[in-house]
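Below is work.cif, holding mmCIF, C-alpha atoms and all ligand atoms.
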```cif
data_target
loop_
_atom_site.group_PDB
_atom_site.id
_atom_site.type_symbol
_atom_site.label_atom_id
_atom_site.label_comp_id
_atom_site.auth_asym_id
_atom_site.auth_seq_id
_atom_site.Cartn_x
_atom_site.Cartn_y
_atom_site.Cartn_z
ATOM 1 C CA MET A 240 19.271 -8.977 2.021
ATOM 2 C CA GLU A 241 16.159 -10.722 3.330
ATOM 3 C CA ASN A 242 13.996 -7.742 2.290
ATOM 4 C CA LEU A 243 15.435 -7.645 -1.227
ATOM 5 C CA GLY A 244 15.373 -11.450 -1.505
ATOM 6 C CA SER A 245 11.732 -11.871 -0.465
ATOM 7 C CA TRP A 246 10.646 -9.037 -2.783
ATOM 8 C CA ALA A 247 12.647 -10.432 -5.728
ATOM 9 C CA VAL A 248 11.314 -13.988 -5.308
ATOM 10 C CA ILE A 249 7.621 -13.137 -4.825
ATOM 11 C CA CYS A 250 7.441 -10.206 -7.233
ATOM 12 C CA GLY A 251 9.519 -12.091 -9.810
ATOM 13 C CA ALA A 252 7.235 -15.130 -9.545
ATOM 14 C CA ALA A 253 4.115 -12.969 -9.999
ATOM 15 C CA TYR A 254 5.652 -11.280 -13.061
ATOM 16 C CA LEU A 255 6.680 -14.605 -14.606
ATOM 17 C CA ILE A 256 3.240 -16.147 -14.090
ATOM 18 C CA LEU A 257 1.219 -13.149 -15.303
ATOM 19 C CA TYR A 258 3.485 -11.724 -18.012
ATOM 20 C CA VAL A 259 6.144 -14.170 -19.222
ATOM 21 C CA LEU A 260 5.420 -17.917 -19.096
ATOM 22 C CA PRO A 261 3.247 -18.667 -22.179
ATOM 23 C CA MET A 262 1.297 -21.436 -20.448
ATOM 24 C CA THR A 263 0.144 -19.311 -17.485
ATOM 25 C CA VAL A 264 -0.095 -16.049 -19.463
ATOM 26 C CA GLU A 265 -2.614 -17.706 -21.769
ATOM 27 C CA ILE A 266 -4.766 -18.763 -18.818
ATOM 28 C CA VAL A 267 -4.882 -15.315 -17.172
ATOM 29 C CA GLN A 268 -4.819 -13.182 -20.331
ATOM 30 C CA SER A 269 -8.592 -12.723 -20.431
ATOM 31 C CA SER A 270 -8.495 -11.121 -16.971
ATOM 32 C CA LYS A 271 -5.946 -8.453 -17.956
ATOM 33 C CA PHE A 272 -7.521 -4.996 -17.601
ATOM 34 C CA ASN A 273 -5.556 -3.430 -20.439
ATOM 35 C CA PRO A 274 -4.786 -5.841 -23.306
ATOM 36 C CA ALA A 275 -1.436 -4.104 -23.959
ATOM 37 C CA TYR A 276 1.782 -5.272 -22.283
ATOM 38 C CA PRO A 277 4.535 -2.952 -21.004
ATOM 39 C CA SER A 278 7.803 -2.795 -22.923
ATOM 40 C CA ALA A 279 10.878 -4.655 -21.642
ATOM 41 C CA ARG A 280 12.643 -1.292 -21.248
ATOM 42 C CA LEU A 281 9.989 0.016 -18.868
ATOM 43 C CA VAL A 282 9.903 -3.259 -16.913
ATOM 44 C CA LEU A 283 13.688 -3.093 -16.424
ATOM 45 C CA LYS A 284 13.394 0.489 -15.138
ATOM 46 C CA GLU A 285 10.622 -0.587 -12.768
ATOM 47 C CA ALA A 286 12.731 -3.467 -11.426
ATOM 48 C CA LEU A 287 15.737 -1.212 -10.730
ATOM 49 C CA ARG A 288 13.618 1.514 -9.108
ATOM 50 C CA SER A 289 11.824 -1.078 -6.963
ATOM 51 C CA ALA A 290 15.113 -2.642 -5.842
ATOM 52 C CA ARG A 291 16.340 0.829 -4.848
ATOM 53 C CA GLY A 292 13.134 1.340 -2.843
ATOM 54 C CA VAL A 293 13.580 -1.962 -0.985
ATOM 55 C CA ILE A 294 17.191 -0.978 -0.167
ATOM 56 C CA LEU A 295 15.949 2.343 1.286
ATOM 57 C CA CYS A 296 13.412 0.385 3.345
ATOM 58 C CA THR A 297 16.278 -1.793 4.563
ATOM 59 C CA ALA A 298 18.134 1.347 5.695
ATOM 60 C CA TYR A 299 15.093 2.206 7.868
ATOM 61 C CA ASP A 300 15.084 -1.406 9.042
ATOM 62 C CA VAL A 301 18.739 -1.222 10.138
ATOM 63 C CA LEU A 302 18.073 1.979 12.116
ATOM 64 C CA VAL A 303 15.077 0.478 13.939
ATOM 65 C CA ASN A 304 16.922 -2.758 14.726
ATOM 66 C CA GLU A 305 19.886 -0.800 16.059
ATOM 67 C CA GLY A 306 17.580 1.377 18.197
ATOM 68 C CA THR A 307 15.977 -1.779 19.589
ATOM 69 C CA ARG A 308 19.362 -3.411 20.269
ATOM 70 C CA ARG A 309 20.435 -0.346 22.239
ATOM 71 C CA GLY A 310 17.183 -0.368 24.231
ATOM 72 C CA GLN A 311 16.049 2.984 22.797
ATOM 73 C CA LEU A 312 13.053 1.484 20.945
ATOM 74 C CA PRO A 313 10.205 1.132 21.517
ATOM 75 C CA MET A 314 9.733 4.266 23.632
ATOM 76 C CA PHE A 315 6.237 3.242 24.710
ATOM 77 C CA ARG A 316 5.157 -0.279 25.699
ATOM 78 C CA TRP A 317 1.591 -1.587 25.651
ATOM 79 C CA SER A 318 0.786 -3.764 28.650
ATOM 80 C CA VAL A 319 -1.644 -5.815 26.493
ATOM 81 C CA LEU A 320 0.807 -6.413 23.636
ATOM 82 C CA SER A 321 3.454 -9.145 23.718
ATOM 83 C CA GLU A 322 7.030 -7.953 23.375
ATOM 84 C CA ASN A 323 8.218 -11.356 22.254
ATOM 85 C CA VAL A 324 6.822 -12.872 19.051
ATOM 86 C CA ALA A 325 6.868 -16.354 20.670
ATOM 87 C CA THR A 326 4.109 -15.324 23.124
ATOM 88 C CA VAL A 327 1.788 -13.590 20.643
ATOM 89 C CA THR A 328 -1.846 -14.745 20.835
ATOM 90 C CA ALA A 329 -4.399 -15.121 18.009
ATOM 91 C CA THR A 330 -6.368 -12.154 19.418
ATOM 92 C CA GLU A 331 -3.265 -9.968 19.264
ATOM 93 C CA VAL A 332 -2.660 -11.015 15.646
ATOM 94 C CA ILE A 333 -6.232 -10.009 14.675
ATOM 95 C CA VAL A 334 -6.229 -6.693 16.579
ATOM 96 C CA VAL A 335 -2.745 -5.743 15.346
ATOM 97 C CA GLY A 336 -3.639 -6.797 11.788
ATOM 98 C CA VAL A 337 -6.733 -4.559 11.716
ATOM 99 C CA ALA A 338 -4.876 -1.633 13.334
ATOM 100 C CA LEU A 339 -1.973 -1.910 10.876
ATOM 101 C CA TYR A 340 -4.374 -2.070 7.920
ATOM 102 C CA LEU A 341 -6.191 1.097 9.053
ATOM 103 C CA TRP A 342 -2.944 2.973 9.787
ATOM 104 C CA GLY A 343 -1.378 1.931 6.468
ATOM 105 C CA ASP A 344 -4.504 2.949 4.535
ATOM 106 C CA PHE A 345 -4.618 6.346 6.304
ATOM 107 C CA HIS A 346 -0.893 7.037 5.748
ATOM 108 C CA PHE A 347 -0.995 5.941 2.097
ATOM 109 C CA TYR A 348 -4.099 7.965 1.202
ATOM 110 C CA TRP A 349 -2.853 11.262 2.597
ATOM 111 C CA SER A 350 0.800 10.943 1.572
ATOM 112 C CA HIS A 351 -0.228 9.769 -1.901
ATOM 113 C CA ARG A 352 -2.800 12.517 -2.312
ATOM 114 C CA SER A 353 -0.153 15.080 -1.274
ATOM 115 C CA LEU A 354 2.165 13.715 -3.967
ATOM 116 C CA HIS A 355 -0.498 14.640 -6.532
ATOM 117 C CA GLN A 356 0.000 18.341 -5.797
ATOM 118 C CA PRO A 357 1.338 19.699 -9.141
ATOM 119 C CA THR A 358 4.909 20.452 -7.978
ATOM 120 C CA LEU A 359 5.358 17.186 -6.085
ATOM 121 C CA PHE A 360 3.792 15.269 -8.937
ATOM 122 C CA ARG A 361 6.161 16.789 -11.498
ATOM 123 C CA TRP A 362 9.322 16.241 -9.432
ATOM 124 C CA VAL A 363 8.534 13.065 -7.532
ATOM 125 C CA HIS A 364 5.342 11.062 -8.179
ATOM 126 C CA LYS A 365 5.487 11.269 -11.985
ATOM 127 C CA VAL A 366 8.047 8.434 -11.868
ATOM 128 C CA HIS A 367 5.494 6.018 -10.387
ATOM 129 C CA HIS A 368 2.866 7.065 -12.944
ATOM 130 C CA GLU A 369 5.135 6.251 -15.844
ATOM 131 C CA SER A 370 3.585 2.807 -15.296
ATOM 132 C CA TYR A 371 0.116 3.824 -16.459
ATOM 133 C CA ASN A 372 -0.621 0.210 -17.389
ATOM 134 C CA PRO A 373 0.852 -1.401 -14.244
ATOM 135 C CA ASP A 374 2.444 -4.807 -13.745
ATOM 136 C CA PRO A 375 3.732 -6.429 -10.504
ATOM 137 C CA LEU A 376 7.083 -4.625 -10.791
ATOM 138 C CA SER A 377 5.348 -1.215 -10.921
ATOM 139 C CA GLY A 378 4.302 -1.372 -7.272
ATOM 140 C CA LEU A 379 7.531 -0.057 -5.746
ATOM 141 C CA SER A 380 8.753 1.700 -8.893
ATOM 142 C CA MET A 381 9.121 5.119 -7.294
ATOM 143 C CA HIS A 382 11.333 8.193 -7.066
ATOM 144 C CA PRO A 383 13.626 7.690 -4.019
ATOM 145 C CA ILE A 384 11.820 10.480 -2.139
ATOM 146 C CA GLU A 385 8.506 8.700 -2.641
ATOM 147 C CA SER A 386 10.070 5.424 -1.456
ATOM 148 C CA LEU A 387 11.211 7.140 1.765
ATOM 149 C CA VAL A 388 7.733 8.644 2.275
ATOM 150 C CA TYR A 389 5.997 5.334 1.528
ATOM 151 C CA PHE A 390 8.130 3.267 3.945
ATOM 152 C CA SER A 391 8.003 5.985 6.615
ATOM 153 C CA SER A 392 4.683 4.510 7.743
ATOM 154 C CA CYS A 393 6.509 1.611 9.422
ATOM 155 C CA VAL A 394 9.295 3.790 10.889
ATOM 156 C CA LEU A 395 6.728 6.134 12.454
ATOM 157 C CA LEU A 396 5.294 3.132 14.298
ATOM 158 C CA ALA A 397 8.659 1.907 15.618
ATOM 159 C CA PRO A 398 8.641 4.092 18.785
ATOM 160 C CA VAL A 399 5.253 2.718 19.905
ATOM 161 C CA VAL A 400 5.142 -0.940 18.829
ATOM 162 C CA PRO A 401 7.238 -4.048 19.572
ATOM 163 C CA LEU A 402 9.814 -5.025 16.949
ATOM 164 C CA TRP A 403 7.705 -7.942 15.656
ATOM 165 C CA VAL A 404 4.853 -5.571 14.747
ATOM 166 C CA PHE A 405 7.300 -3.311 12.895
ATOM 167 C CA ARG A 406 8.643 -6.325 10.982
ATOM 168 C CA VAL A 407 5.184 -7.616 9.999
ATOM 169 C CA PHE A 408 4.191 -4.164 8.729
ATOM 170 C CA LYS A 409 7.486 -3.710 6.861
ATOM 171 C CA VAL A 410 7.022 -7.009 4.988
ATOM 172 C CA SER A 411 3.433 -6.093 4.090
ATOM 173 C CA LEU A 412 4.606 -2.725 2.691
ATOM 174 C CA ILE A 413 7.154 -4.517 0.511
ATOM 175 C CA LEU A 414 4.784 -7.195 -0.812
ATOM 176 C CA ALA A 415 1.273 -5.668 -0.805
ATOM 177 C CA PRO A 416 1.815 -3.418 -3.886
ATOM 178 C CA ILE A 417 2.315 -6.516 -6.057
ATOM 179 C CA ASN A 418 -1.398 -7.286 -5.808
ATOM 180 C CA GLY A 419 -2.595 -3.724 -6.507
ATOM 181 C CA HIS A 420 -0.387 -3.452 -9.600
ATOM 182 C CA ALA A 421 -0.886 -6.939 -11.074
ATOM 183 C CA GLY A 422 -2.956 -5.482 -13.934
ATOM 184 C CA HIS A 423 -5.304 -8.475 -13.806
ATOM 185 C CA GLY A 424 -8.642 -9.060 -12.100
ATOM 186 C CA SER A 425 -12.367 -8.715 -12.489
ATOM 187 C CA TRP A 426 -14.072 -5.448 -13.446
ATOM 188 C CA GLU A 427 -16.842 -6.461 -11.049
ATOM 189 C CA ASP A 428 -14.407 -6.366 -8.116
ATOM 190 C CA LEU A 429 -14.309 -2.669 -7.150
ATOM 191 C CA ALA A 430 -11.554 -3.141 -4.549
ATOM 192 C CA GLY A 431 -9.478 -5.130 -7.052
ATOM 193 C CA THR A 432 -9.719 -2.466 -9.761
ATOM 194 C CA HIS A 433 -9.256 0.434 -7.311
ATOM 195 C CA HIS A 434 -5.531 1.144 -7.783
ATOM 196 C CA TYR A 435 -5.532 0.071 -11.445
ATOM 197 C CA ILE A 436 -8.068 2.850 -12.078
ATOM 198 C CA HIS A 437 -5.763 5.304 -10.265
ATOM 199 C CA HIS A 438 -2.940 4.473 -12.685
ATOM 200 C CA ALA A 439 -5.254 4.821 -15.673
ATOM 201 C CA LYS A 440 -7.122 7.956 -14.518
ATOM 202 C CA PHE A 441 -4.604 9.687 -12.194
ATOM 203 C CA ASN A 442 -6.824 11.985 -10.098
ATOM 204 C CA TRP A 443 -9.109 9.399 -8.527
ATOM 205 C CA ASN A 444 -8.698 6.523 -6.072
ATOM 206 C CA TYR A 445 -5.707 7.706 -4.020
ATOM 207 C CA GLY A 446 -6.150 5.124 -1.259
ATOM 208 C CA SER A 447 -4.936 1.556 -1.062
ATOM 209 C CA SER A 448 -8.572 0.704 -0.290
ATOM 210 C CA PRO A 449 -11.723 2.671 -1.231
ATOM 211 C CA LEU A 450 -12.285 3.748 2.425
ATOM 212 C CA TRP A 451 -10.705 7.246 2.419
ATOM 213 C CA ASP A 452 -11.671 7.892 -1.195
ATOM 214 C CA ARG A 453 -15.323 7.311 -0.273
ATOM 215 C CA LEU A 454 -15.021 9.561 2.795
ATOM 216 C CA CYS A 455 -13.295 12.346 0.825
ATOM 217 C CA GLY A 456 -15.242 12.123 -2.446
ATOM 218 C CA THR A 457 -12.299 10.997 -4.581
ATOM 219 C CA VAL A 458 -13.563 7.518 -5.388
ATOM 220 C CA PHE A 459 -14.008 6.605 -9.063
ATOM 221 C CA ASP A 460 -17.592 5.424 -8.788
ATOM 222 C CA GLU A 461 -19.455 2.622 -10.529
ATOM 223 C CA ALA A 462 -20.886 4.850 -13.292
ATOM 224 C CA ARG A 463 -17.453 6.103 -14.300
ATOM 225 C CA LEU A 464 -15.978 2.623 -13.917
ATOM 226 C CA SER A 465 -18.389 1.188 -16.468
ATOM 227 C CA GLN A 466 -17.179 3.811 -18.994
ATOM 228 C CA VAL A 467 -13.550 2.755 -18.473
ATOM 229 C CA LYS A 468 -14.479 -0.885 -18.832
ATOM 230 C CA GLU A 469 -16.387 -0.276 -22.085
ATOM 231 C CA LYS A 470 -13.597 1.897 -23.482
ATOM 232 C CA ALA A 471 -10.925 -0.705 -22.685
ATOM 233 C CA GLN A 472 -12.980 -3.446 -24.319
ATOM 234 C CA LEU A 473 -13.657 -1.235 -27.359
ATOM 235 C CA GLN A 474 -9.956 -0.431 -27.777
ATOM 236 C CA ALA A 475 -9.030 -4.107 -27.606
ATOM 237 C CA ALA A 476 -11.708 -5.040 -30.155
ATOM 238 C CA LEU A 477 -10.658 -2.237 -32.533
ATOM 239 C CA ALA A 478 -6.989 -3.232 -32.358
ATOM 240 C CA MET A 479 -7.795 -6.849 -33.140
ATOM 241 C CA GLU A 480 -10.141 -5.857 -35.989
ATOM 242 C CA GLN A 481 -7.485 -3.541 -37.408
ATOM 243 C CA ALA A 482 -4.937 -6.366 -37.274
ATOM 244 C CA ARG A 483 -7.364 -8.740 -39.016
ATOM 245 C CA LEU A 484 -8.326 -6.282 -41.780
ATOM 246 C CA CYS A 485 -4.780 -5.341 -42.760
ATOM 247 C CA GLY A 486 -3.482 -8.899 -42.504
ATOM 248 C CA ALA A 487 -1.252 -7.893 -39.651
ATOM 249 C CA VAL A 488 0.167 -9.963 -36.863
ATOM 250 C CA VAL A 489 0.093 -8.629 -33.349
ATOM 251 C CA VAL A 490 3.619 -9.024 -32.091
ATOM 252 C CA ASP A 491 4.753 -9.504 -28.509
ATOM 253 C CA GLY A 492 7.277 -12.270 -28.292
ATOM 254 C CA LYS A 493 5.430 -15.532 -27.768
ATOM 255 C CA ARG A 494 2.179 -13.857 -26.798
ATOM 256 C CA SER A 495 -0.582 -12.853 -29.090
ATOM 257 C CA ALA A 496 -1.569 -9.731 -27.170
ATOM 258 C CA PRO A 497 -1.078 -6.199 -28.514
ATOM 259 C CA LYS A 498 2.082 -4.474 -27.310
ATOM 260 C CA GLU A 499 2.391 -0.859 -26.236
ATOM 261 C CA THR A 500 5.215 1.279 -27.499
ATOM 262 C CA THR A 501 4.893 4.565 -25.651
ATOM 263 C CA GLU A 502 5.618 3.759 -22.054
ATOM 264 C CA GLY A 503 6.595 7.306 -21.195
ATOM 265 C CA ALA A 504 3.554 8.907 -22.699
ATOM 266 C CA ALA A 505 1.568 8.952 -19.471
ATOM 267 C CA ALA A 506 4.126 10.963 -17.594
ATOM 268 C CA ASP A 507 2.545 14.286 -18.416
ATOM 269 C CA HIS A 508 -1.059 13.155 -18.211
ATOM 270 C CA SER A 509 -1.690 14.023 -14.594
ATOM 271 C CA LYS A 510 -4.948 15.697 -15.533
ATOM 272 C CA ALA A 511 -5.769 13.663 -18.581
ATOM 273 C CA ASP A 512 -9.082 11.910 -18.790
ATOM 274 C CA SER A 513 -7.358 8.859 -20.134
ATOM 275 C CA ALA A 514 -8.935 5.443 -20.174
ATOM 276 C CA PRO A 515 -6.623 2.410 -20.244
ATOM 277 C CA HIS A 516 -4.429 3.267 -23.170
ATOM 278 C CA GLY A 517 -4.132 1.336 -26.367
ATOM 279 C CA HIS A 518 -0.855 1.911 -28.180
ATOM 280 C CA TYR A 519 -0.372 -1.127 -30.307
ATOM 281 C CA ASN A 520 2.572 -2.471 -32.186
ATOM 282 C CA LEU A 521 1.349 -4.206 -35.324
ATOM 283 C CA ARG A 522 3.718 -5.787 -37.830
ATOM 284 C CA THR A 523 2.415 -6.468 -41.335
ATOM 285 C CA ARG A 524 2.767 -10.038 -42.442
ATOM 286 C CA ASN A 525 4.323 -10.497 -45.904
ATOM 287 C CA ARG A 526 1.838 -12.080 -48.258
ATOM 288 C CA HIS A 527 3.186 -14.250 -50.992
HETATM 289 ZN ZN ZN B 1 0.629 2.542 -7.998
HETATM 290 ZN ZN ZN B 2 -0.650 8.508 -7.846
#
```

Encoding of this model in structure tokens:
Amino acid sequence: MENLGSWAVICGAAYLILYVLPMTVEIVQSSKFNPAYPSARLVLKEALRSARGVILCTAYDVLVNEGTRRGQLPMFRWSVLSENVATVTATEVIVVGVALYLWGDFHFYWSHRSLHQPTLFRWVHKVHHESYNPDPLSGLSMHPIESLVYFSSCVLLAPVVPLWVFRVFKVSLILAPINGHAGHGSWEDLAGTHHYIHHAKFNWNYGSSPLWDRLCGTVFDEARLSQVKEKAQLQAALAMEQARLCGAVVVDGKRSAPKETTEGAAADHSKADSAPHGHYNLRTRNRH
């Protein structure tokens, strides 16, 4: 329950602040990469899929805790690494933090890139890419097989690290995707736009950071990024101009942003050269 609870509280708070509460939405709206907002139907699907993913992670968690209780885990002990969290030093925190970041980035890049093989994409990873214009709830919105692959990175460590390291890594795997899928940020921040671009362009930026993409030539570079940025801005301007010319009101509850209506459309676009999409829902105002 603690896994599901911490995910629900932090992810729910991020979604409320960025997508629901009018006061905060208005403040951050200008930093949204794609001016469209996902439909409530898609957001509900994302929430249920994410909750299922966290439950699968908890199943891994139970197995590792049981193995530790029985004295079967870890199988290898580092003489320089504290077994008990109460005796952990600042140096250990830094070294473990860097090592976990590098391992997580390596595991995510190669497992994610494998999921983009046509068959695996069609049967498994397509579910995650239904969120082509991501929000905080998109992060763990995965097919159950992908959830098991994603969280396997912490289980694979369990035989060789103390339980506290496993727990730290598990929590980071649950919470870190919220940031990469927030859908807000600065176009000037390449690391911040990295995973957003993956959702918009599909066959670039497989890593959680640009490291492996740069090494393997799959990074969506600055020249291409500027095209996406210009296209997104152009689409937003055209939608607003269209609304103004036809006397239409852009409808999305209490917000004034355009609303997308085709959340499933991206599912078959694995090879599409698609910039951030602009499917807008405009309702004509009655003139008297
Ligand atoms: Zn994603
Ligand atoms: Zn992908």

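Atom pair CA of Pro398 (chain A) / CA of Leu312 (chain A): separated by 5.6 Å.
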
Using all atoms listed in the file, find each residue with an atom at most 9 Å away from ligand ZN 1 (chain B) and format the answer as a short mmCIF file (atom, residue, chain, number, x, y, z; two decimals) with C-alpha atoms, in the frame of the given file.
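The new file out-v4.cif reads:
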```
data_model
loop_
_atom_site.label_atom_id
_atom_site.label_comp_id
_atom_site.auth_asym_id
_atom_site.auth_seq_id
_atom_site.Cartn_x
_atom_site.Cartn_y
_atom_site.Cartn_z
CA HIS A 367 5.49 6.02 -10.39
CA HIS A 368 2.87 7.06 -12.94
CA SER A 370 3.58 2.81 -15.30
CA TYR A 371 0.12 3.82 -16.46
CA PRO A 373 0.85 -1.40 -14.24
CA SER A 377 5.35 -1.22 -10.92
CA GLY A 378 4.30 -1.37 -7.27
CA LEU A 379 7.53 -0.06 -5.75
CA SER A 380 8.75 1.70 -8.89
CA MET A 381 9.12 5.12 -7.29
CA PRO A 416 1.82 -3.42 -3.89
CA GLY A 419 -2.60 -3.72 -6.51
CA HIS A 420 -0.39 -3.45 -9.60
CA HIS A 434 -5.53 1.14 -7.78
CA TYR A 435 -5.53 0.07 -11.44
CA HIS A 437 -5.76 5.30 -10.26
CA HIS A 438 -2.94 4.47 -12.68
CA SER A 447 -4.94 1.56 -1.06
#
```

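What separates CA of Val319 (chain A) from CA of Ala415 (chain A) is a distance of 27.5 Å.
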
Self-check item: Pick from A:Ser350, A:His423, A:Arg406, A:Asp452, whichever lies nearest to ligand ZN 2 (chain B) using only C-alpha atoms and all ligand atoms
Solution: A:Ser350

Exercise. Go through A:Ile436, A:Leu283, A:Leu339, A:Ile266 and flag the residue nearest ligand ZN 2 (chain B), using only C-alpha atoms and all ligand atoms for the distances.
Key: A:Ile436

Self-check item: Which residue of A:Phe459, A:Phe408, A:Tyr348, A:Trp426 approaches ligand ZN 2 (chain B) most closely, using only C-alpha atoms and all ligand atoms
Solution: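 When distances to ligand ZN 2 (chain B) are compared using only C-alpha atoms and all ligand atoms, the smallest one comes from A:Tyr348.
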
Self-check item: Matched chain/residue IDs from the PyMOL selection byres (((chain A and resi 409) around 9) and not hetatm), as a ChimeraX atom specification
Solution: /A:242,296,300,390,392-394,404-408,410-414

Restrict the calculation to all atoms listed in the file, then for each residue of chain A with any atom at most 9 Å from an atom of ligand ZN 2 (chain B) give the closest atom pair and their distance in Å to one decimal, rows by chain and rising residue number, as CSV.
```
residue,atom,partner,partner_atom,distance
A:His351,CA,B:ZN2,ZN,6.1
A:Arg352,CA,B:ZN2,ZN,7.2
A:Leu354,CA,B:ZN2,ZN,7.1
A:His355,CA,B:ZN2,ZN,6.3
A:Phe360,CA,B:ZN2,ZN,8.2
A:His364,CA,B:ZN2,ZN,6.5
A:Lys365,CA,B:ZN2,ZN,7.9
A:His367,CA,B:ZN2,ZN,7.1
A:His368,CA,B:ZN2,ZN,6.4
A:His434,CA,B:ZN2,ZN,8.8
A:His437,CA,B:ZN2,ZN,6.5
A:His438,CA,B:ZN2,ZN,6.7
A:Phe441,CA,B:ZN2,ZN,6.0
A:Asn442,CA,B:ZN2,ZN,7.4
A:Trp443,CA,B:ZN2,ZN,8.5
A:Asn444,CA,B:ZN2,ZN,8.5
A:Tyr445,CA,B:ZN2,ZN,6.4
A:Ser509,CA,B:ZN2,ZN,8.8
```

Quiz item: So how far away is CA of Leu376 (chain A) from CA of Val337 (chain A), in Å?
Solution: 26.4 Å

Output requested as an mmCIF file, in the frame of the given file - region 363-376 of chain A, filled out with N, CA and C atoms.
```
data_model
loop_
_atom_site.group_PDB
_atom_site.id
_atom_site.type_symbol
_atom_site.label_atom_id
_atom_site.label_comp_id
_atom_site.auth_asym_id
_atom_site.auth_seq_id
_atom_site.Cartn_x
_atom_site.Cartn_y
_atom_site.Cartn_z
ATOM 1 N N VAL A 363 8.400 14.315 -8.294
ATOM 2 C CA VAL A 363 8.534 13.065 -7.532
ATOM 3 C C VAL A 363 7.604 11.952 -8.062
ATOM 4 N N HIS A 364 6.294 12.163 -7.972
ATOM 5 C CA HIS A 364 5.342 11.062 -8.179
ATOM 6 C C HIS A 364 5.168 10.660 -9.647
ATOM 7 N N LYS A 365 5.573 11.552 -10.550
ATOM 8 C CA LYS A 365 5.487 11.269 -11.985
ATOM 9 C C LYS A 365 6.203 9.955 -12.345
ATOM 10 N N VAL A 366 7.275 9.664 -11.620
ATOM 11 C CA VAL A 366 8.047 8.434 -11.868
ATOM 12 C C VAL A 366 7.153 7.204 -11.706
ATOM 13 N N HIS A 367 6.370 7.172 -10.620
ATOM 14 C CA HIS A 367 5.494 6.018 -10.387
ATOM 15 C C HIS A 367 4.425 5.926 -11.479
ATOM 16 N N HIS A 368 3.944 7.073 -11.947
ATOM 17 C CA HIS A 368 2.866 7.065 -12.944
ATOM 18 C C HIS A 368 3.353 6.839 -14.361
ATOM 19 N N GLU A 369 4.658 6.665 -14.526
ATOM 20 C CA GLU A 369 5.135 6.251 -15.844
ATOM 21 C C GLU A 369 4.520 4.883 -16.175
ATOM 22 N N SER A 370 4.225 4.119 -15.127
ATOM 23 C CA SER A 370 3.585 2.807 -15.296
ATOM 24 C C SER A 370 2.070 2.997 -15.323
ATOM 25 N N TYR A 371 1.558 3.562 -16.410
ATOM 26 C CA TYR A 371 0.116 3.824 -16.459
ATOM 27 C C TYR A 371 -0.686 2.552 -16.723
ATOM 28 N N ASN A 372 0.008 1.518 -17.182
ATOM 29 C CA ASN A 372 -0.621 0.210 -17.389
ATOM 30 C C ASN A 372 0.181 -0.771 -16.524
ATOM 31 N N PRO A 373 -0.088 -0.785 -15.200
ATOM 32 C CA PRO A 373 0.852 -1.401 -14.244
ATOM 33 C C PRO A 373 0.986 -2.915 -14.342
ATOM 34 N N ASP A 374 2.138 -3.379 -13.868
ATOM 35 C CA ASP A 374 2.444 -4.807 -13.745
ATOM 36 C C ASP A 374 3.042 -4.998 -12.354
ATOM 37 N N PRO A 375 3.281 -6.237 -11.893
ATOM 38 C CA PRO A 375 3.732 -6.429 -10.504
ATOM 39 C C PRO A 375 4.982 -5.635 -10.130
ATOM 40 N N LEU A 376 5.850 -5.364 -11.095
ATOM 41 C CA LEU A 376 7.083 -4.625 -10.791
ATOM 42 C C LEU A 376 6.847 -3.119 -10.661
#
```
